[in-house]
file coords_19.txt (compact mmCIF, C-alpha atoms)
# COMPACT_ATOMS: atom_id res chain seq x y z
CA MET A 4 5.44 13.51 -39.85
CA SER A 5 4.56 16.11 -42.44
CA HIS A 6 4.37 19.88 -41.94
CA ARG A 7 2.18 20.90 -39.01
CA LYS A 8 0.66 24.24 -38.08
CA PHE A 9 1.25 24.07 -34.31
CA GLU A 10 3.89 22.45 -32.10
CA ALA A 11 2.82 20.74 -28.89
CA PRO A 12 4.22 18.32 -26.32
CA ARG A 13 3.20 14.73 -26.90
CA HIS A 14 0.18 13.32 -25.08
CA GLY A 15 0.86 10.63 -22.47
CA ASN A 16 4.06 9.41 -20.86
CA LEU A 17 6.06 6.70 -22.65
CA GLY A 18 7.85 5.85 -19.39
CA PHE A 19 4.92 3.66 -18.33
CA LEU A 20 4.86 1.44 -21.43
CA PRO A 21 3.74 -1.28 -21.93
CA LYS A 22 0.30 -0.30 -20.66
CA LYS A 23 -0.88 -3.77 -19.72
CA ARG A 24 -2.38 -5.46 -16.69
CA THR A 25 0.16 -6.09 -13.95
CA LYS A 26 1.19 -9.54 -12.75
CA HIS A 27 2.06 -8.23 -9.26
CA HIS A 28 -1.51 -8.09 -7.99
CA SER A 29 -0.73 -7.06 -4.41
CA GLY A 30 2.17 -4.70 -5.11
CA ARG A 31 5.91 -5.26 -5.31
CA ILE A 32 8.72 -3.23 -3.73
CA ARG A 33 11.30 -2.63 -6.45
CA SER A 34 13.77 -0.76 -4.24
CA PHE A 35 14.20 -0.23 -0.51
CA PRO A 36 15.62 2.85 1.25
CA LYS A 37 19.41 3.21 1.51
CA ASP A 38 20.88 1.43 4.52
CA ASP A 39 22.11 3.56 7.43
CA ALA A 40 24.52 1.70 9.73
CA THR A 41 24.32 4.36 12.45
CA ALA A 42 20.60 3.75 13.11
CA PRO A 43 19.31 0.78 15.15
CA PRO A 44 17.86 -2.15 13.12
CA HIS A 45 14.36 -1.35 11.85
CA LEU A 46 11.83 -2.52 9.24
CA THR A 47 11.19 -0.40 6.14
CA ALA A 48 7.73 -1.45 4.84
CA PHE A 49 4.28 -2.67 5.89
CA ARG A 50 1.16 -4.22 4.31
CA CYS A 51 -2.20 -2.43 4.48
CA TYR A 52 -5.70 -2.63 3.00
CA LYS A 53 -7.60 0.35 1.56
CA ALA A 54 -10.79 1.10 3.50
CA GLY A 55 -11.96 4.41 2.05
CA MET A 56 -11.69 8.19 2.25
CA THR A 57 -12.94 11.02 4.47
CA HIS A 58 -11.87 14.58 5.19
CA VAL A 59 -10.23 16.43 8.07
CA VAL A 60 -9.89 20.05 9.12
CA ARG A 61 -6.38 21.05 10.19
CA GLY A 62 -4.45 24.16 11.08
CA VAL A 63 -1.58 25.17 8.79
CA ASP A 64 1.75 25.75 10.55
CA ARG A 65 3.98 27.43 7.96
CA PRO A 66 5.44 30.72 9.26
CA GLY A 67 5.68 33.34 6.52
CA ALA A 68 3.16 31.60 4.26
CA LEU A 69 -0.17 33.19 3.38
CA MET A 70 -2.05 30.21 4.89
CA HIS A 71 -0.13 30.29 8.21
CA LYS A 72 -2.45 29.75 11.22
CA ARG A 73 -5.49 29.32 8.94
CA GLU A 74 -7.61 26.20 8.67
CA VAL A 75 -7.74 23.98 5.59
CA VAL A 76 -9.83 20.93 4.67
CA ASP A 77 -7.80 17.96 3.43
CA ALA A 78 -9.01 14.74 1.83
CA VAL A 79 -7.48 11.71 3.57
CA THR A 80 -7.38 7.98 2.91
CA ILE A 81 -7.91 5.42 5.69
CA LEU A 82 -5.87 2.22 5.37
CA GLU A 83 -6.49 -0.71 7.71
CA THR A 84 -3.24 -2.22 8.99
CA PRO A 85 -3.72 -5.42 11.02
CA PRO A 86 -0.44 -6.56 12.67
CA MET A 87 1.91 -8.60 10.46
CA VAL A 88 3.67 -11.79 11.57
CA VAL A 89 7.36 -12.45 10.83
CA VAL A 90 7.90 -16.04 9.71
CA GLY A 91 11.39 -16.07 8.21
CA VAL A 92 14.59 -14.32 7.25
CA VAL A 93 16.43 -14.32 3.92
CA GLY A 94 19.98 -13.17 3.20
CA TYR A 95 21.31 -11.72 -0.06
CA VAL A 96 24.89 -11.44 -1.28
CA GLU A 97 25.89 -8.71 -3.73
CA THR A 98 27.16 -9.94 -7.11
CA PRO A 99 28.14 -8.00 -10.27
CA ARG A 100 24.70 -8.91 -11.64
CA GLY A 101 22.74 -7.71 -8.59
CA LEU A 102 21.57 -9.45 -5.42
CA ARG A 103 21.58 -13.24 -5.10
CA THR A 104 19.76 -15.22 -2.42
CA LEU A 105 22.18 -17.06 -0.17
CA THR A 106 19.79 -18.89 2.14
CA THR A 107 16.40 -18.64 3.83
CA VAL A 108 15.46 -19.60 7.40
CA PHE A 109 11.83 -20.05 8.44
CA ALA A 110 10.33 -19.98 11.93
CA GLU A 111 9.31 -23.18 13.72
CA HIS A 112 5.57 -22.53 13.93
CA LEU A 113 3.75 -21.17 10.87
CA SER A 114 0.10 -20.13 10.86
CA GLU A 115 -2.58 -21.73 8.72
CA GLU A 116 -3.15 -18.60 6.61
CA PHE A 117 0.54 -18.58 5.66
CA LYS A 118 0.41 -22.28 4.67
CA ARG A 119 -2.79 -21.73 2.68
CA ARG A 120 -0.79 -19.45 0.37
CA CYS A 121 1.45 -22.44 -0.47
CA TYR A 122 -1.47 -24.41 -1.91
CA LYS A 123 -3.80 -23.98 -4.86
CA ASN A 124 -6.48 -26.08 -3.17
CA TRP A 125 -6.21 -26.20 0.64
CA TYR A 126 -9.07 -28.54 1.53
CA LYS A 127 -7.96 -31.28 -0.91
CA SER A 128 -4.32 -31.05 0.17
CA LYS A 129 -2.62 -33.06 2.93
CA LYS A 130 -1.58 -29.81 4.66
CA LYS A 131 2.00 -31.05 5.02
CA ALA A 132 3.78 -27.78 4.16
CA TYR A 133 6.85 -27.14 6.39
CA THR A 134 6.18 -30.16 8.65
CA LYS A 135 9.59 -31.67 7.88
CA TYR A 136 11.26 -28.26 8.06
CA ALA A 137 9.93 -27.69 11.60
CA GLN A 138 11.74 -30.87 12.76
CA LYS A 139 15.09 -29.08 12.17
CA TYR A 140 14.41 -27.09 15.37
CA THR A 141 14.22 -30.26 17.50
CA THR A 142 16.86 -32.50 15.90
CA ASP A 143 20.38 -31.91 17.18
CA GLY A 144 19.29 -28.91 19.24
CA GLY A 145 18.52 -26.80 16.16
CA LYS A 146 22.14 -26.83 14.97
CA GLU A 147 21.23 -26.63 11.28
CA ILE A 148 19.06 -23.54 11.83
CA GLU A 149 21.86 -21.79 13.75
CA HIS A 150 24.34 -22.72 11.02
CA GLU A 151 22.17 -21.09 8.33
CA LEU A 152 21.65 -17.94 10.44
CA ASN A 153 25.41 -17.71 10.99
CA ARG A 154 25.97 -18.04 7.22
CA ILE A 155 23.62 -15.09 6.61
CA ALA A 156 25.46 -13.03 9.26
CA LYS A 157 28.85 -13.91 7.80
CA PHE A 158 28.35 -13.52 4.04
CA CYS A 159 25.25 -11.37 3.41
CA SER A 160 25.07 -7.63 2.98
CA VAL A 161 21.26 -7.37 2.64
CA VAL A 162 18.94 -9.04 5.16
CA ARG A 163 15.15 -9.15 4.75
CA VAL A 164 12.43 -10.71 6.88
CA ILE A 165 9.57 -12.71 5.38
CA ALA A 166 6.32 -11.45 6.90
CA HIS A 167 2.65 -12.07 6.21
CA SER A 168 -0.52 -10.11 6.90
CA GLN A 169 -3.26 -11.53 9.14
CA VAL A 170 -5.99 -11.30 6.57
CA LYS A 171 -8.39 -13.39 8.67
CA LYS A 172 -8.73 -10.41 11.03
CA LEU A 173 -10.41 -8.44 8.23
CA ASN A 174 -13.83 -9.12 6.80
CA LEU A 175 -12.53 -9.65 3.26
CA ARG A 176 -13.58 -13.26 2.59
CA VAL A 177 -9.90 -14.02 1.96
CA LYS A 178 -8.14 -16.81 3.84
CA LYS A 179 -4.70 -16.80 2.22
CA ALA A 180 -2.19 -14.41 3.79
CA HIS A 181 -0.34 -11.86 1.66
CA ILE A 182 3.37 -12.63 2.04
CA MET A 183 6.16 -10.14 1.41
CA GLU A 184 9.82 -9.48 2.11
CA ILE A 185 10.67 -6.45 4.24
CA GLN A 186 14.25 -5.21 4.30
CA ILE A 187 15.99 -4.58 7.63
CA ASN A 188 17.94 -1.32 7.60
CA GLY A 189 20.22 -0.07 10.38
CA GLY A 190 22.46 -2.08 12.68
CA ALA A 191 26.26 -2.05 12.75
CA ASP A 192 26.62 -5.25 10.70
CA ALA A 193 24.70 -8.20 9.25
CA LYS A 194 24.91 -10.02 12.61
CA ALA A 195 22.86 -7.25 14.27
CA LYS A 196 20.29 -7.48 11.47
CA VAL A 197 20.02 -11.29 11.79
CA ASP A 198 19.64 -11.08 15.58
CA PHE A 199 16.92 -8.46 15.14
CA ALA A 200 15.11 -10.68 12.58
CA LYS A 201 15.36 -13.77 14.82
CA SER A 202 13.95 -11.81 17.75
CA LEU A 203 10.85 -11.06 15.64
CA PHE A 204 10.17 -14.70 14.64
CA GLU A 205 6.49 -15.66 15.16
CA LYS A 206 5.80 -12.24 16.71
CA GLU A 207 3.32 -9.60 15.60
CA ILE A 208 4.65 -6.29 14.32
CA THR A 209 2.35 -3.26 14.38
CA VAL A 210 2.25 -0.35 11.98
CA ASP A 211 3.28 2.17 14.67
CA SER A 212 6.53 0.25 15.19
CA VAL A 213 7.44 0.95 11.52
CA PHE A 214 5.93 4.39 10.80
CA ALA A 215 5.28 7.51 12.87
CA LYS A 216 2.94 10.49 12.62
CA ASP A 217 4.09 13.30 10.27
CA GLU A 218 6.35 10.88 8.35
CA ASN A 219 6.32 10.80 4.54
CA VAL A 220 5.69 7.33 3.09
CA ASP A 221 5.43 5.81 -0.38
CA VAL A 222 2.36 3.81 -1.41
CA ILE A 223 2.84 0.85 -3.77
CA GLY A 224 -0.11 -0.92 -5.34
CA VAL A 225 -2.29 -1.60 -8.36
CA THR A 226 -4.58 1.04 -9.84
CA LYS A 227 -8.30 0.65 -10.46
CA GLY A 228 -8.90 -1.37 -13.66
CA LYS A 229 -10.89 0.32 -16.46
CA GLY A 230 -10.80 -2.35 -19.17
CA PHE A 231 -10.35 -1.62 -22.89
CA GLU A 232 -10.55 2.13 -23.55
CA GLY A 233 -10.08 4.47 -26.49
CA VAL A 234 -7.22 6.88 -27.19
CA THR A 235 -8.88 10.03 -25.80
CA THR A 236 -9.34 8.55 -22.32
CA ARG A 237 -6.24 6.37 -22.35
CA TRP A 238 -3.72 8.90 -23.67
CA GLY A 239 -5.51 12.25 -23.36
CA VAL A 240 -5.23 13.14 -27.03
CA THR A 241 -7.35 16.02 -28.37
CA ARG A 242 -10.76 15.28 -29.83
CA LEU A 243 -11.13 15.98 -33.53
CA PRO A 244 -13.60 18.63 -34.83
CA ARG A 245 -17.32 17.90 -34.49
CA LYS A 246 -17.94 17.26 -38.22
CA THR A 247 -15.28 14.52 -38.50
CA HIS A 248 -16.34 11.50 -40.55
CA ARG A 249 -16.34 8.13 -38.71
CA GLY A 250 -15.91 9.50 -35.20
CA LEU A 251 -13.89 12.15 -33.49
CA ARG A 252 -12.29 10.46 -30.43
CA LYS A 253 -9.40 9.25 -32.56
CA VAL A 254 -5.82 9.97 -33.59
CA ALA A 255 -6.06 11.56 -37.03
CA CYS A 256 -2.69 10.44 -38.41
CA ILE A 257 -1.06 7.34 -36.96
CA GLY A 258 2.16 7.84 -38.92
CA SER A 259 3.70 8.38 -42.34
CA TRP A 260 3.58 5.97 -45.31
CA HIS A 261 7.14 4.88 -44.61
CA PRO A 262 8.29 3.27 -42.38
CA ALA A 263 5.27 1.11 -43.21
CA ARG A 264 4.59 0.26 -39.56
CA VAL A 265 2.79 2.03 -36.73
CA SER A 266 5.38 3.40 -34.28
CA THR A 267 5.20 2.37 -30.61
CA THR A 268 5.03 6.05 -29.66
CA VAL A 269 1.65 6.58 -31.37
CA PRO A 270 -1.34 6.51 -28.96
CA ARG A 271 -3.61 3.50 -29.55
CA ALA A 272 -6.72 2.11 -27.84
CA GLY A 273 -6.23 -0.72 -25.33
CA GLN A 274 -6.11 -1.69 -21.66
CA ASN A 275 -6.43 1.19 -19.19
CA GLY A 276 -5.92 0.79 -15.45
CA TYR A 277 -4.89 -2.18 -13.30
CA PHE A 278 -1.30 -0.93 -13.61
CA HIS A 279 1.38 -1.27 -10.93
CA ARG A 280 2.23 2.17 -9.55
CA THR A 281 4.39 3.70 -6.81
CA GLU A 282 3.24 7.04 -5.39
CA LEU A 283 5.73 9.10 -3.38
CA ASN A 284 5.49 11.33 -0.31
CA LYS A 285 2.11 10.62 1.27
CA LYS A 286 2.10 12.29 4.69
CA VAL A 287 0.94 10.27 7.71
CA TYR A 288 -1.71 12.36 9.50
CA ARG A 289 -2.64 9.89 12.25
CA ILE A 290 -2.17 6.28 13.37
CA GLY A 291 -5.09 4.66 15.22
CA LYS A 292 -5.03 1.65 17.53
CA LYS A 293 -7.43 -1.29 17.65
CA GLY A 294 -10.10 -0.97 20.33
CA ASP A 295 -9.59 2.78 20.80
CA ALA A 296 -13.16 4.12 20.81
CA ALA A 297 -11.89 7.71 20.90
CA SER A 298 -9.28 7.41 18.15
CA CYS A 299 -10.79 10.38 16.26
CA ARG A 300 -10.97 12.73 19.23
CA THR A 301 -9.08 16.01 18.78
CA PRO A 302 -8.44 18.95 21.15
CA ALA A 303 -11.07 20.96 19.24
CA ASP A 304 -13.63 18.10 18.90
CA LEU A 305 -13.97 16.10 22.14
CA THR A 306 -16.63 13.72 20.80
CA GLU A 307 -15.75 10.10 21.53
CA LYS A 308 -15.82 8.39 18.12
CA GLY A 309 -13.87 5.84 16.09
CA ILE A 310 -12.71 6.17 12.49
CA THR A 311 -15.55 4.13 10.92
CA PRO A 312 -18.13 6.57 9.49
CA MET A 313 -21.84 6.09 10.12
CA GLY A 314 -23.02 3.09 8.13
CA GLY A 315 -19.41 1.95 7.54
CA PHE A 316 -17.08 2.69 4.65
CA PRO A 317 -18.90 2.04 1.32
CA HIS A 318 -17.80 -1.26 -0.27
CA TYR A 319 -15.64 -2.02 2.77
CA GLY A 320 -17.43 -1.99 6.12
CA GLU A 321 -16.05 -1.32 9.56
CA VAL A 322 -12.43 -0.70 10.54
CA ASN A 323 -11.79 -2.82 13.66
CA GLU A 324 -8.00 -3.20 13.53
CA ASP A 325 -5.15 -0.65 13.65
CA TRP A 326 -5.38 1.99 10.91
CA ILE A 327 -3.28 4.72 9.34
CA MET A 328 -4.49 8.01 7.84
CA LEU A 329 -2.63 9.38 4.80
CA LYS A 330 -3.08 12.74 3.08
CA GLY A 331 -4.77 12.62 -0.31
CA CYS A 332 -5.81 9.60 -2.33
CA CYS A 333 -4.18 6.21 -2.90
CA VAL A 334 -4.17 3.85 -5.88
CA GLY A 335 -6.64 1.01 -6.18
CA VAL A 336 -10.19 0.10 -5.24
CA LYS A 337 -11.52 -0.55 -1.74
CA LYS A 338 -10.18 -3.72 -0.04
CA ARG A 339 -7.10 -3.74 -2.27
CA PRO A 340 -3.84 -4.82 -0.59
CA LEU A 341 -1.28 -2.00 -0.74
CA ILE A 342 2.29 -1.64 0.53
CA LEU A 343 3.54 1.27 2.60
CA ARG A 344 7.30 1.87 2.29
CA LYS A 345 9.59 4.31 4.05
CA SER A 346 10.54 7.20 1.78
CA LEU A 347 13.74 6.85 -0.28
CA LEU A 348 14.41 10.60 0.02
CA LYS A 349 15.79 12.89 2.71
CA HIS A 350 13.11 15.56 3.12
CA SER A 351 13.99 19.21 3.56
CA SER A 352 11.01 21.25 2.31
CA ARG A 353 8.75 22.91 4.88
CA LYS A 354 5.69 21.16 3.46
CA HIS A 355 7.21 17.74 4.12
CA LEU A 356 8.54 18.63 7.58
CA GLU A 357 5.35 20.32 8.81
CA THR A 358 3.77 19.04 12.04
CA ILE A 359 0.11 18.22 11.44
CA ASP A 360 -2.45 19.61 13.89
CA ILE A 361 -5.84 17.97 13.14
CA LYS A 362 -8.84 19.86 14.52
CA PHE A 363 -11.70 17.71 13.21
CA ILE A 364 -12.13 14.31 11.54
CA ASP A 365 -15.35 13.74 9.60
CA THR A 366 -17.21 10.49 10.44
CA SER A 367 -20.58 11.30 8.84
CA SER A 368 -22.13 8.80 6.45
CA LYS A 369 -20.27 8.45 3.14
CA LEU A 370 -23.46 7.25 1.43
CA GLY A 371 -25.39 10.42 0.65
CA HIS A 372 -25.19 13.79 2.42
CA GLY A 373 -24.13 12.80 5.94
CA ARG A 374 -25.69 15.10 8.55
CA PHE A 375 -24.58 13.40 11.76
CA GLN A 376 -21.13 12.50 13.08
CA THR A 377 -22.25 9.78 15.53
CA ALA A 378 -25.33 7.62 16.19
CA GLU A 379 -25.83 9.43 19.54
CA GLU A 380 -25.95 12.81 17.78
CA LYS A 381 -28.54 11.46 15.33
CA ALA A 382 -30.70 9.99 18.10
CA LYS A 383 -30.54 13.24 20.06
CA PHE A 384 -31.60 15.28 17.03
CA LEU A 385 -34.43 13.00 15.89
CA GLY A 386 -35.80 12.41 19.40
CA PRO A 387 -37.86 9.31 20.37
CA LEU A 388 -38.67 7.29 17.26
CA ALA A 389 -41.76 5.07 16.86
CA SER A 390 -39.58 2.26 15.53
CA LYS A 391 -37.54 2.29 18.74
CA GLN A 392 -40.53 2.31 21.12
CA LYS A 393 -41.60 -1.30 20.42
call {"tool": "encode", "arguments": {"input": "coords_19.txt", "output": "structure tokens"}}
result
Amino acid sequence: MSHRKFEAPRHGNLGFLPKKRTKHHSGRIRSFPKDDATAPPHLTAFRCYKAGMTHVVRGVDRPGALMHKREVVDAVTILETPPMVVVGVVGYVETPRGLRTLTTVFAEHLSEEFKRRCYKNWYKSKKKAYTKYAQKYTTDGGKEIEHELNRIAKFCSVVRVIAHSQVKKLNLRVKKAHIMEIQINGGADAKAKVDFAKSLFEKEITVDSVFAKDENVDVIGVTKGKGFEGVTTRWGVTRLPRKTHRGLRKVACIGSWHPARVSTTVPRAGQNGYFHRTELNKKVYRIGKKGDAASCRTPADLTEKGITPMGGFPHYGEVNEDWIMLKGCCVGVKKRPLILRKSLLKHSSRKHLETIDIKFIDTSSKLGHGRFQTAEEKAKFLGPLASKQK
């Protein structure tokens, strides 16, 4: 580059190159938390679906801080978390080139939504997936299955369960389950991990058995796609002066004469969004249970109401299963499958260790300026309506 008048940091982070659409459409866990042999065996991740956002009022509990004992309004994201089903266990051995799969053991009975994922076209198929595998449980008293489980316990250092979401419980018009591996951490040895995994076979696991209130979690998923966009939006480069010939939302100089190529570090127009991203340290504000009509009741607001706002979440609908409330925003559009993972870090800051005291959860309509928190409140305010008197 030639002489320049002003120095400035570059625009955009090169750590996220190449900026192209991801192939992991429902998220992928690249690393799990460090194993702790002193803890009992436990799962480290969970699948959820983004429903929408609302806001809460909470009291700040940070002695010495300016905001201590004051109230703040926080934006929160609601993620629907129907129970997952464990259908298998896989063992990995450590090699100089990373982990290698030793063997996989599946459960005897697998649900239809899991099998649907094995086929491109379910209704034309013979639906024979895992029918021969299931016979291993009956022939010879299931000796082969036990042999494989013992091999995992003997040789493997990393044990993960294969679990799938029950997507039929949501109103998403999706019939194929989202399948993922979840690492088992804790337990004295691999045998304890395998026994824990086998005890979960064909059982439902709920989100409150993996995460707890006030915990910090990581959210893994795919961002909202924006299509082909120019350099100003995509990289945040400065606009050129108003009088510039042939447009001003451009990079003025894309490099010197020699080398006679455009460097990879120069901002260019192209795909923006639909990238795979991992966001750290999202605090869990509340975990709600299915069927709890008063899941949004607080000591300061005794109204009996669920998490679904009036008229439902825009572009999503009603939340009828278990749900989890995280501070702030999450990647992706509504209905997108995301992954919650236990944090990789040991937290020590007061902000991360703070106990959350929610005083009010907003359930007014998210379509327009919501005036009412519940249908009863609206009916009471409006009085007898002509449309209801018929």
call {"tool": "closest_residue", "arguments": {"input": "coords_19.txt", "among": "A:Arg163, A:Lys22, A:Arg289, A:Lys354", "to": "Leu203 in chain A", "atoms": "only C-alpha atoms"}}
result
A:Arg163
call {"tool": "closest_residue", "arguments": {"input": "coords_19.txt", "among": "A:Thr226, A:Ser259, A:Ser352, A:Thr311", "to": "Asn284 in chain A", "atoms": "all atoms listed in the file"}}
result
A:Ser352
call {"tool": "closest_residue", "arguments": {"input": "coords_19.txt", "among": "A:Gly62, A:Gly145, A:Pro85, A:Pro12", "to": "Thr358 in chain A", "atoms": "all atoms listed in the file"}}
result
A:Gly62
call {"tool": "atom_distance", "arguments": {"input": "coords_19.txt", "atom1": "CA of Val90 in chain A", "atom2": "CA of Val170 in chain A"}}
result
15.0 Å
call {"tool": "residues_around", "arguments": {"input": "coords_19.txt", "residues": "Thr366 in chain A", "least_positions_apart": "2", "cutoff": "10 Å", "atoms": "only C-alpha atoms", "output": "ChimeraX atom specification"}}
result
/A:57-59,299,308-316,363-364,368-369,373-377
call {"tool": "atom_distance", "arguments": {"input": "coords_19.txt", "atom1": "CA of Ser34 in chain A", "atom2": "CA of Val222 in chain A"}}
result
12.6 Å
call {"tool": "residues_near_point", "arguments": {"input": "coords_19.txt", "point": "(-8.2, 1.5, 13.8)", "cutoff": "7 Å", "atoms": "only C-alpha atoms", "output": "PyMOL selection string"}}
result
chain A and resi 83+291-293+310+322-326
call {"tool": "atom_distance", "arguments": {"input": "coords_19.txt", "atom1": "CA of Gly239 in chain A", "atom2": "CA of Glu10 in chain A"}}
result
16.4 Å
call {"tool": "residues_near_point", "arguments": {"input": "coords_19.txt", "point": "(19.7, 6.1, 7.2)", "cutoff": "12 Å", "atoms": "all atoms listed in the file", "output": "list in words"}}
result
Phe35, Pro36, Lys37, Asp38, Asp39, Ala40, Thr41, Ala42, Pro43, Pro44, His45, Leu46, Thr47, Ile187, Asn188, Gly189, Gly190, Ala191, Lys345, Ser346, Leu347, Leu348 and Lys349 of chain A
